[in-house]
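All remarks here apply to the structure that follows.
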Amino acid sequence: MLFCALFVQTAAFADLEKPVTLAQLPAAAQQTIKKHFADRQIALAKVEMEVFGKTYDVIFTNGEKIEFDSKGQWRDIECRQLHVPAALIPAAIANYVKKNYPQTTILKIERDRRTYEIELSNRLELKFNNAFQLIDIDD
């Protein structure tokens with residue numbers, strides 16, 4: 001019965017999304033947008049309810065996207081036309097890319113509790129652990 005109750009609750013929260021305004025985003029998310037993406041226009045901001053919390057997605061009119069956790073910390077930044085703002089990239093990762101791939105820019109960065117993944121303009125994907133050591137390369 002416990003499994004069934006958990007399954008029903010999970011199904012109830014699955015894909016529960018609703019649009020929000022910039023003012024309804026967590027303060028940290030608002031600050032990130034105002035500081036690093038002020039020149040972009042928001043096409044859609046939405047909150048997605050999940051079993052263990054919620055996430056916020058912001059999509060700009062140029063197609064760029066940012067995903068924030070419930071506290072407003074970015075989890076995923078995708079900048080297909082330009083590049084991820086340098087101030088949002090950990091210095092160790094930026095230095096590694098500058099040294100080893102000087103002709104590229106970082107188009108996407110994603111982080112979770114254990115890793116950072118980036119995608120370069122040459123379409124290489126690099127994965128780093130929390131100590132910023134390279135642990136994988138995918139092309």
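To be explicit about the labels: the chains of the structure tokens are called A, B, and onward in the order shown, and within each one the residues are counted from 1, while ligands get numbers from 1 in the order they are shown.
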Can you check which residues of chain A DSSP gives as alpha helix (DSSP H) on the backbone and send them as a PDB file with N, CA and C atoms, in the first residue's frame?
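The new file part_26.pdb reads:
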```pdb
ATOM      1  N   LEU A   2       1.962   1.204   0.757  1.00  0.00           N
ATOM      2  CA  LEU A   2       2.851   2.359   0.801  1.00  0.00           C
ATOM      3  C   LEU A   2       3.412   2.655  -0.580  1.00  0.00           C
ATOM      4  N   PHE A   3       3.811   1.611  -1.296  1.00  0.00           N
ATOM      5  CA  PHE A   3       4.328   1.784  -2.648  1.00  0.00           C
ATOM      6  C   PHE A   3       3.271   2.409  -3.554  1.00  0.00           C
ATOM      7  N   CYS A   4       2.042   1.925  -3.463  1.00  0.00           N
ATOM      8  CA  CYS A   4       0.958   2.468  -4.284  1.00  0.00           C
ATOM      9  C   CYS A   4       0.711   3.945  -3.970  1.00  0.00           C
ATOM     10  N   ALA A   5       0.732   4.297  -2.689  1.00  0.00           N
ATOM     11  CA  ALA A   5       0.521   5.688  -2.297  1.00  0.00           C
ATOM     12  C   ALA A   5       1.639   6.575  -2.840  1.00  0.00           C
ATOM     13  N   LEU A   6       2.880   6.097  -2.743  1.00  0.00           N
ATOM     14  CA  LEU A   6       4.007   6.861  -3.258  1.00  0.00           C
ATOM     15  C   LEU A   6       3.914   7.002  -4.772  1.00  0.00           C
ATOM     16  N   PHE A   7       3.503   5.935  -5.450  1.00  0.00           N
ATOM     17  CA  PHE A   7       3.361   5.972  -6.904  1.00  0.00           C
ATOM     18  C   PHE A   7       2.301   6.978  -7.322  1.00  0.00           C
ATOM     19  N   VAL A   8       1.163   6.978  -6.631  1.00  0.00           N
ATOM     20  CA  VAL A   8       0.080   7.904  -6.958  1.00  0.00           C
ATOM     21  C   VAL A   8       0.533   9.340  -6.715  1.00  0.00           C
ATOM     22  N   GLN A   9       1.244   9.573  -5.607  1.00  0.00           N
ATOM     23  CA  GLN A   9       1.734  10.927  -5.314  1.00  0.00           C
ATOM     24  C   GLN A   9       2.740  11.371  -6.371  1.00  0.00           C
ATOM     25  N   THR A  10       3.636  10.460  -6.770  1.00  0.00           N
ATOM     26  CA  THR A  10       4.621  10.771  -7.800  1.00  0.00           C
ATOM     27  C   THR A  10       3.928  11.109  -9.118  1.00  0.00           C
ATOM     28  N   ALA A  11       2.942  10.326  -9.481  1.00  0.00           N
ATOM     29  CA  ALA A  11       2.212  10.573 -10.724  1.00  0.00           C
ATOM     30  C   ALA A  11       1.468  11.898 -10.668  1.00  0.00           C
ATOM     31  N   ALA A  12       0.971  12.266  -9.488  1.00  0.00           N
ATOM     32  CA  ALA A  12       0.238  13.518  -9.349  1.00  0.00           C
ATOM     33  C   ALA A  12       1.147  14.721  -9.565  1.00  0.00           C
ATOM     34  N   PHE A  13       2.413  14.621  -9.145  1.00  0.00           N
ATOM     35  CA  PHE A  13       3.343  15.732  -9.298  1.00  0.00           C
ATOM     36  C   PHE A  13       4.053  15.741 -10.643  1.00  0.00           C
ATOM     37  N   ALA A  27      14.999  34.611  -5.043  1.00  0.00           N
ATOM     38  CA  ALA A  27      15.832  35.817  -5.107  1.00  0.00           C
ATOM     39  C   ALA A  27      17.166  35.556  -5.801  1.00  0.00           C
ATOM     40  N   ALA A  28      17.807  34.428  -5.516  1.00  0.00           N
ATOM     41  CA  ALA A  28      19.107  34.123  -6.137  1.00  0.00           C
ATOM     42  C   ALA A  28      18.971  33.993  -7.652  1.00  0.00           C
ATOM     43  N   ALA A  29      17.886  33.403  -8.116  1.00  0.00           N
ATOM     44  CA  ALA A  29      17.655  33.270  -9.557  1.00  0.00           C
ATOM     45  C   ALA A  29      17.434  34.646 -10.189  1.00  0.00           C
ATOM     46  N   GLN A  30      16.657  35.489  -9.520  1.00  0.00           N
ATOM     47  CA  GLN A  30      16.433  36.840 -10.020  1.00  0.00           C
ATOM     48  C   GLN A  30      17.754  37.602 -10.145  1.00  0.00           C
ATOM     49  N   GLN A  31      18.602  37.473  -9.144  1.00  0.00           N
ATOM     50  CA  GLN A  31      19.894  38.169  -9.161  1.00  0.00           C
ATOM     51  C   GLN A  31      20.777  37.674 -10.302  1.00  0.00           C
ATOM     52  N   THR A  32      20.807  36.357 -10.520  1.00  0.00           N
ATOM     53  CA  THR A  32      21.600  35.796 -11.620  1.00  0.00           C
ATOM     54  C   THR A  32      21.130  36.352 -12.955  1.00  0.00           C
ATOM     55  N   ILE A  33      19.835  36.385 -13.146  1.00  0.00           N
ATOM     56  CA  ILE A  33      19.293  36.887 -14.410  1.00  0.00           C
ATOM     57  C   ILE A  33      19.603  38.377 -14.573  1.00  0.00           C
ATOM     58  N   LYS A  34      19.370  39.157 -13.538  1.00  0.00           N
ATOM     59  CA  LYS A  34      19.607  40.598 -13.621  1.00  0.00           C
ATOM     60  C   LYS A  34      21.081  40.929 -13.821  1.00  0.00           C
ATOM     61  N   LYS A  35      21.962  40.138 -13.235  1.00  0.00           N
ATOM     62  CA  LYS A  35      23.392  40.424 -13.321  1.00  0.00           C
ATOM     63  C   LYS A  35      24.019  39.918 -14.618  1.00  0.00           C
ATOM     64  N   HIS A  36      23.641  38.717 -15.060  1.00  0.00           N
ATOM     65  CA  HIS A  36      24.336  38.079 -16.182  1.00  0.00           C
ATOM     66  C   HIS A  36      23.520  37.981 -17.471  1.00  0.00           C
ATOM     67  N   ALA A  91      36.386  28.969 -11.910  1.00  0.00           N
ATOM     68  CA  ALA A  91      37.684  29.391 -12.446  1.00  0.00           C
ATOM     69  C   ALA A  91      38.526  28.211 -12.915  1.00  0.00           C
ATOM     70  N   ALA A  92      38.525  27.113 -12.176  1.00  0.00           N
ATOM     71  CA  ALA A  92      39.337  25.954 -12.568  1.00  0.00           C
ATOM     72  C   ALA A  92      38.895  25.390 -13.911  1.00  0.00           C
ATOM     73  N   ILE A  93      37.598  25.369 -14.155  1.00  0.00           N
ATOM     74  CA  ILE A  93      37.090  24.870 -15.436  1.00  0.00           C
ATOM     75  C   ILE A  93      37.433  25.866 -16.548  1.00  0.00           C
ATOM     76  N   ALA A  94      37.232  27.141 -16.298  1.00  0.00           N
ATOM     77  CA  ALA A  94      37.562  28.165 -17.302  1.00  0.00           C
ATOM     78  C   ALA A  94      39.036  28.113 -17.666  1.00  0.00           C
ATOM     79  N   ASN A  95      39.897  27.958 -16.675  1.00  0.00           N
ATOM     80  CA  ASN A  95      41.337  27.882 -16.934  1.00  0.00           C
ATOM     81  C   ASN A  95      41.693  26.639 -17.736  1.00  0.00           C
ATOM     82  N   TYR A  96      41.073  25.505 -17.425  1.00  0.00           N
ATOM     83  CA  TYR A  96      41.338  24.266 -18.169  1.00  0.00           C
ATOM     84  C   TYR A  96      40.957  24.445 -19.641  1.00  0.00           C
ATOM     85  N   VAL A  97      39.791  25.013 -19.879  1.00  0.00           N
ATOM     86  CA  VAL A  97      39.324  25.211 -21.253  1.00  0.00           C
ATOM     87  C   VAL A  97      40.231  26.201 -21.977  1.00  0.00           C
ATOM     88  N   LYS A  98      40.591  27.282 -21.333  1.00  0.00           N
ATOM     89  CA  LYS A  98      41.456  28.286 -21.956  1.00  0.00           C
ATOM     90  C   LYS A  98      42.810  27.691 -22.339  1.00  0.00           C
ATOM     91  N   LYS A  99      43.346  26.830 -21.476  1.00  0.00           N
ATOM     92  CA  LYS A  99      44.655  26.221 -21.727  1.00  0.00           C
ATOM     93  C   LYS A  99      44.591  25.131 -22.802  1.00  0.00           C
ATOM     94  N   ASN A 100      43.578  24.279 -22.745  1.00  0.00           N
ATOM     95  CA  ASN A 100      43.525  23.108 -23.618  1.00  0.00           C
ATOM     96  C   ASN A 100      42.680  23.284 -24.879  1.00  0.00           C
TER      97      ASN A 100
END
```
Run DSSP on the backbone and tell me which residues of chain A come out as strand (DSSP E); list them as a ChimeraX atom specification. /A:16-19,42-50,53-60,65-68,74-78,106-111,115-120,125-129,134-138
Under the rule that only C-alpha atoms are counted, which of A:Arg40, A:Lys18, A:Arg80, A:Lys65 is the nearest residue to Arg123 of chain A? A:Arg80
Of the candidates A:Leu25, A:Ala87, A:Leu82, A:Ile77, which one gets nearest to Tyr116 of chain A if we count only C-alpha atoms?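 Checking each of A:Leu25, A:Ala87, A:Leu82, A:Ile77 against Tyr116 of chain A, counting only C-alpha atoms, the winner is A:Ile77.
When atom CA of Glu119 of chain A is paired with atom CA of Glu78 of chain A, their separation reads 9.0 Å.
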Any idea what the distance is between atom CA of Phe68 of chain A and atom CA of Asp139 of chain A? 26.4 Å
In Å and to one decimal, atom CA of Ile89 of chain A is distant from atom CA of Glu64 of chain A by 16.1 Å
